Amino acid sequence: MLKMNAFSWAILFSLCFLQSSLCQAADDADDDGSILVLGDSWASLSGDFLAGVCGLGAEPGEDVEIRALTNKGDSGSTAAEWASSGNAGKAFDNPKYEYDHVWLSIGGNDFLGNACDDSDKQISENIVTVISQIVEATSNDDLNILYCGYGYPSADPCGKGMGVLDELNNEIRKAIEDSPYAEKVQYVDISSEFVTAESSPLSDKQWYADNIHINEAGYVKLFSKDIMQEFFGCTRSTAAPVAAP
């Protein structure tokens with residue numbers, strides 16, 4: 001991985017988020033701590049953001065790790081499509097890096113497309129299928145997968161309240177925990193991460209680009225969480241002060 005000071009990282013982060021072709025530093029990073037992003041629009045719209053995940057909250061003078069990153073997110077895609085296509089596993093065919101971390105974001109479009117109903121539990125089954133494809137395809141026995149679902153929307157998309165989302169999240173969590181791949185997956189419930197006293201029970205619009213997609217500030221808030229920093233193995237070191245002459 002590359003290391004940059006916090007000021008340089010802040011400039012790089014802004015450029016990467018706005019235009020991925022400008023994120024050359026992430027392309028030059030080595031395999032150590034490399035990240036693969038798979039899934040729907042929450043994944044695809046993050047662009048190269050996670051290349052600088054370890055720089056979130058960095059202070060001036062701190063060295064910041066720049067991670068090698070591949071984003072194969074596909075806006076509008078569903079868990080059913082990922083499960084049937086096998087594209088998650090295919091991402092490991094001649095990969096650019098030997099990935100250490102995968103962020104998987106799927107299931108939301110299936111839920112919305114079925115009027116916020118998953119009574120047949122098909123979504124959670126498809127998510128576990130995709131996880132199995134990742135685990136079976138990687139050559140890295142130490143690869144870890146992050147599944148965090150979604151924050152509550154900033155407006156109710158189906159008029160059924162947030163309880164139906166809680167039920168879905170519980171189904172997905174249980175399906176992952178009961179699967180043979182449980183030890184490979186870090187499940188994080190972020191449903192209320194963006195809720196404030198004023199917006200409750202919905203998420204606050206300050207972190208959303210529209211009713212269901214988080215904005216740049218939302219990504220910063222999400223991946224600044226301690227559990228996210230720990231998942232990606234982020235460590236920081238402060239440069240030693242220069243002795244006075």
# chains A, B, ... in the order shown; residues from 1 in each chain; ligands from 1
call {"tool": "closest_atom_pairs", "arguments": {"of": "range 102-134 of chain A", "to": "range 166-178 of chain A", "cutoff": "8 Å", "atoms": "only C-alpha atoms", "output": "Markdown table"}}
result
| residue | atom | partner | partner_atom | distance |
| --- | --- | --- | --- | --- |
| A:Asp118 | CA | A:Leu168 | CA | 6.9 |
| A:Lys121 | CA | A:Glu171 | CA | 7.2 |
| A:Ile123 | CA | A:Ile172 | CA | 7.7 |
| A:Ser124 | CA | A:Ile172 | CA | 4.8 |
| A:Glu125 | CA | A:Ala175 | CA | 7.1 |
| A:Ile127 | CA | A:Ile172 | CA | 7.7 |
| A:Val128 | CA | A:Ile176 | CA | 6.2 |
call {"tool": "select_by_dssp", "arguments": {"residues": "range 45-187 of chain A", "states": "alpha helix (DSSP H)", "output": "ChimeraX atom specification"}}
result
/A:79-85,87-90,108-113,122-137,163-177
call {"tool": "atom_distance", "arguments": {"atom1": "CA of Gly73 in chain A", "atom2": "CA of Tyr99 in chain A"}}
result
15.5 Å
call {"tool": "closest_residue", "arguments": {"among": "A:Asp210, A:Asp40, A:Glu98, A:Asp63", "to": "Asp110 in chain A", "atoms": "only C-alpha atoms"}}
result
A:Asp40
call {"tool": "residues_around", "arguments": {"residues": "range 86-91 of chain A", "least_positions_apart": "6", "cutoff": "7 Å", "atoms": "only C-alpha atoms", "output": "list in words"}}
result
Leu38, Val130, Gln133, Ile134 and Ala137 of chain A
call {"tool": "write_last_selection", "arguments": {"atoms": "C-alpha atoms", "output": "short mmCIF file (atom, residue, chain, number, x, y, z; two decimals), in the first residue's frame"}}
result
data_model
loop_
_atom_site.label_atom_id
_atom_site.label_comp_id
_atom_site.auth_asym_id
_atom_site.auth_seq_id
_atom_site.Cartn_x
_atom_site.Cartn_y
_atom_site.Cartn_z
CA LEU A 38 -19.31 -5.68 -5.41
CA VAL A 130 -23.18 -14.80 -3.61
CA GLN A 133 -19.30 -17.76 -4.76
CA ILE A 134 -16.81 -15.25 -3.37
CA ALA A 137 -13.43 -18.27 -5.95
#
call {"tool": "closest_residue", "arguments": {"among": "A:Val64, A:Ile131, A:Cys148, A:Leu56", "to": "Ala79 in chain A", "atoms": "only C-alpha atoms"}}
result
A:Ile131
call {"tool": "closest_residue", "arguments": {"among": "A:Pro60, A:Pro153, A:Asp226, A:Phe92", "to": "Ala209 in chain A", "atoms": "only C-alpha atoms"}}
result
A:Pro153
call {"tool": "select_by_dssp", "arguments": {"residues": "range 20-201 of chain A", "states": "strand (DSSP E)", "output": "JSON, numbers by chain"}}
result
{"A": [35, 36, 37, 38, 39, 62, 63, 64, 65, 66, 69, 70, 71, 101, 102, 103, 104, 105, 144, 145, 146, 147, 185, 186, 187]}
call {"tool": "write_last_selection", "arguments": {"atoms": "N, CA, C and O atoms", "output": "mmCIF file, in the first residue's frame"}}
result
data_model
loop_
_atom_site.group_PDB
_atom_site.id
_atom_site.type_symbol
_atom_site.label_atom_id
_atom_site.label_comp_id
_atom_site.auth_asym_id
_atom_site.auth_seq_id
_atom_site.Cartn_x
_atom_site.Cartn_y
_atom_site.Cartn_z
ATOM 1 N N ILE A 35 -8.861 -4.010 -1.758
ATOM 2 C CA ILE A 35 -10.312 -4.034 -1.545
ATOM 3 C C ILE A 35 -11.040 -4.264 -2.866
ATOM 4 O O ILE A 35 -10.716 -3.651 -3.890
ATOM 5 N N LEU A 36 -12.048 -5.136 -2.828
ATOM 6 C CA LEU A 36 -12.940 -5.360 -3.961
ATOM 7 C C LEU A 36 -14.349 -4.950 -3.550
ATOM 8 O O LEU A 36 -14.842 -5.376 -2.502
ATOM 9 N N VAL A 37 -14.991 -4.124 -4.365
ATOM 10 C CA VAL A 37 -16.354 -3.659 -4.094
ATOM 11 C C VAL A 37 -17.302 -4.321 -5.090
ATOM 12 O O VAL A 37 -17.098 -4.243 -6.303
ATOM 13 N N LEU A 38 -18.338 -4.976 -4.575
ATOM 14 C CA LEU A 38 -19.306 -5.678 -5.408
ATOM 15 C C LEU A 38 -20.719 -5.282 -4.990
ATOM 16 O O LEU A 38 -20.987 -5.071 -3.808
ATOM 17 N N GLY A 39 -21.626 -5.214 -5.952
ATOM 18 C CA GLY A 39 -23.016 -4.984 -5.588
ATOM 19 C C GLY A 39 -23.725 -3.948 -6.431
ATOM 20 O O GLY A 39 -23.425 -3.755 -7.606
ATOM 21 N N GLU A 62 -0.259 12.963 10.028
ATOM 22 C CA GLU A 62 -0.409 11.517 10.072
ATOM 23 C C GLU A 62 -0.207 10.923 8.684
ATOM 24 O O GLU A 62 -0.634 11.488 7.685
ATOM 25 N N ASP A 63 0.446 9.759 8.632
ATOM 26 C CA ASP A 63 0.550 9.025 7.385
ATOM 27 C C ASP A 63 -0.768 8.298 7.131
ATOM 28 O O ASP A 63 -1.370 7.762 8.052
ATOM 29 N N VAL A 64 -1.192 8.288 5.871
ATOM 30 C CA VAL A 64 -2.458 7.674 5.496
ATOM 31 C C VAL A 64 -2.196 6.578 4.476
ATOM 32 O O VAL A 64 -1.496 6.788 3.489
ATOM 33 N N GLU A 65 -2.752 5.400 4.722
ATOM 34 C CA GLU A 65 -2.611 4.289 3.791
ATOM 35 C C GLU A 65 -3.566 4.464 2.612
ATOM 36 O O GLU A 65 -4.739 4.736 2.795
ATOM 37 N N ILE A 66 -3.050 4.297 1.407
ATOM 38 C CA ILE A 66 -3.889 4.302 0.212
ATOM 39 C C ILE A 66 -4.009 2.855 -0.260
ATOM 40 O O ILE A 66 -3.011 2.206 -0.546
ATOM 41 N N LEU A 69 -7.709 -0.799 -5.008
ATOM 42 C CA LEU A 69 -9.169 -0.937 -5.033
ATOM 43 C C LEU A 69 -9.662 -1.292 -6.423
ATOM 44 O O LEU A 69 -9.192 -0.741 -7.426
ATOM 45 N N THR A 70 -10.623 -2.211 -6.481
ATOM 46 C CA THR A 70 -11.374 -2.484 -7.701
ATOM 47 C C THR A 70 -12.857 -2.387 -7.358
ATOM 48 O O THR A 70 -13.323 -3.046 -6.430
ATOM 49 N N ASN A 71 -13.586 -1.546 -8.088
ATOM 50 C CA ASN A 71 -15.017 -1.390 -7.852
ATOM 51 C C ASN A 71 -15.779 -1.990 -9.028
ATOM 52 O O ASN A 71 -15.714 -1.484 -10.143
ATOM 53 N N HIS A 101 -10.078 -7.739 1.277
ATOM 54 C CA HIS A 101 -11.380 -7.305 1.790
ATOM 55 C C HIS A 101 -12.374 -7.173 0.643
ATOM 56 O O HIS A 101 -12.029 -6.669 -0.431
ATOM 57 N N VAL A 102 -13.612 -7.597 0.884
ATOM 58 C CA VAL A 102 -14.708 -7.400 -0.070
ATOM 59 C C VAL A 102 -15.835 -6.672 0.641
ATOM 60 O O VAL A 102 -16.250 -7.085 1.740
ATOM 61 N N TRP A 103 -16.314 -5.582 0.042
ATOM 62 C CA TRP A 103 -17.558 -4.971 0.518
ATOM 63 C C TRP A 103 -18.653 -5.402 -0.441
ATOM 64 O O TRP A 103 -18.597 -5.128 -1.636
ATOM 65 N N LEU A 104 -19.643 -6.111 0.082
ATOM 66 C CA LEU A 104 -20.753 -6.620 -0.709
ATOM 67 C C LEU A 104 -22.027 -5.868 -0.345
ATOM 68 O O LEU A 104 -22.446 -5.863 0.809
ATOM 69 N N SER A 105 -22.642 -5.235 -1.345
ATOM 70 C CA SER A 105 -23.868 -4.454 -1.119
ATOM 71 C C SER A 105 -24.934 -4.926 -2.101
ATOM 72 O O SER A 105 -24.980 -4.476 -3.245
ATOM 73 N N ASN A 144 -11.795 -11.387 3.902
ATOM 74 C CA ASN A 144 -12.952 -11.088 4.744
ATOM 75 C C ASN A 144 -13.991 -10.309 3.932
ATOM 76 O O ASN A 144 -13.635 -9.491 3.081
ATOM 77 N N ILE A 145 -15.243 -10.562 4.220
ATOM 78 C CA ILE A 145 -16.352 -9.935 3.491
ATOM 79 C C ILE A 145 -17.153 -9.067 4.445
ATOM 80 O O ILE A 145 -17.504 -9.493 5.550
ATOM 81 N N LEU A 146 -17.433 -7.854 4.018
ATOM 82 C CA LEU A 146 -18.271 -6.930 4.783
ATOM 83 C C LEU A 146 -19.660 -6.896 4.166
ATOM 84 O O LEU A 146 -19.810 -6.626 2.984
ATOM 85 N N TYR A 147 -20.679 -7.182 4.989
ATOM 86 C CA TYR A 147 -22.063 -6.971 4.567
ATOM 87 C C TYR A 147 -22.735 -6.090 5.600
ATOM 88 O O TYR A 147 -22.833 -6.461 6.778
ATOM 89 N N VAL A 185 -17.542 -13.496 7.181
ATOM 90 C CA VAL A 185 -18.368 -12.307 6.960
ATOM 91 C C VAL A 185 -18.479 -11.465 8.224
ATOM 92 O O VAL A 185 -18.779 -11.974 9.308
ATOM 93 N N GLN A 186 -18.236 -10.169 8.058
ATOM 94 C CA GLN A 186 -18.506 -9.198 9.122
ATOM 95 C C GLN A 186 -19.853 -8.558 8.801
ATOM 96 O O GLN A 186 -19.983 -7.805 7.839
ATOM 97 N N TYR A 187 -20.861 -8.892 9.599
ATOM 98 C CA TYR A 187 -22.180 -8.294 9.396
ATOM 99 C C TYR A 187 -22.310 -7.076 10.310
ATOM 100 O O TYR A 187 -22.082 -7.171 11.521
#
call {"tool": "residues_around", "arguments": {"residues": "Phe111 in chain A", "least_positions_apart": "2", "cutoff": "12 Å", "atoms": "only C-alpha atoms", "output": "MDAnalysis selection string"}}
result
chainID A and resid 76:80 106:109 113:124 149:150 157:158 164:165 167:169 172
call {"tool": "closest_residue", "arguments": {"among": "A:Pro95, A:Gly57, A:Pro180, A:Gly47", "to": "Asp31 in chain A", "atoms": "only C-alpha atoms"}}
result
A:Pro95
call {"tool": "atom_distance", "arguments": {"atom1": "CA of Ile214 in chain A", "atom2": "CA of Gln229 in chain A"}}
result
18.7 Å
call {"tool": "residues_around", "arguments": {"residues": "range 217-223 of chain A", "least_positions_apart": "4", "cutoff": "7 Å", "atoms": "only C-alpha atoms", "output": "list in words"}}
result
Val53, Trp207, Tyr208, Met228 and Gln229 of chain A
call {"tool": "atom_distance", "arguments": {"atom1": "CA of Lys160 in chain A", "atom2": "CA of Ser179 in chain A"}}
result
29.3 Å
call {"tool": "closest_residue", "arguments": {"among": "A:Leu112, A:Arg67, A:Ser75, A:Tyr97", "to": "Ala43 in chain A", "atoms": "only C-alpha atoms"}}
result
A:Ser75
call {"tool": "closest_residue", "arguments": {"among": "A:Trp82, A:Gly151, A:Leu143, A:Asp100", "to": "Thr129 in chain A", "atoms": "only C-alpha atoms"}}
result
A:Trp82
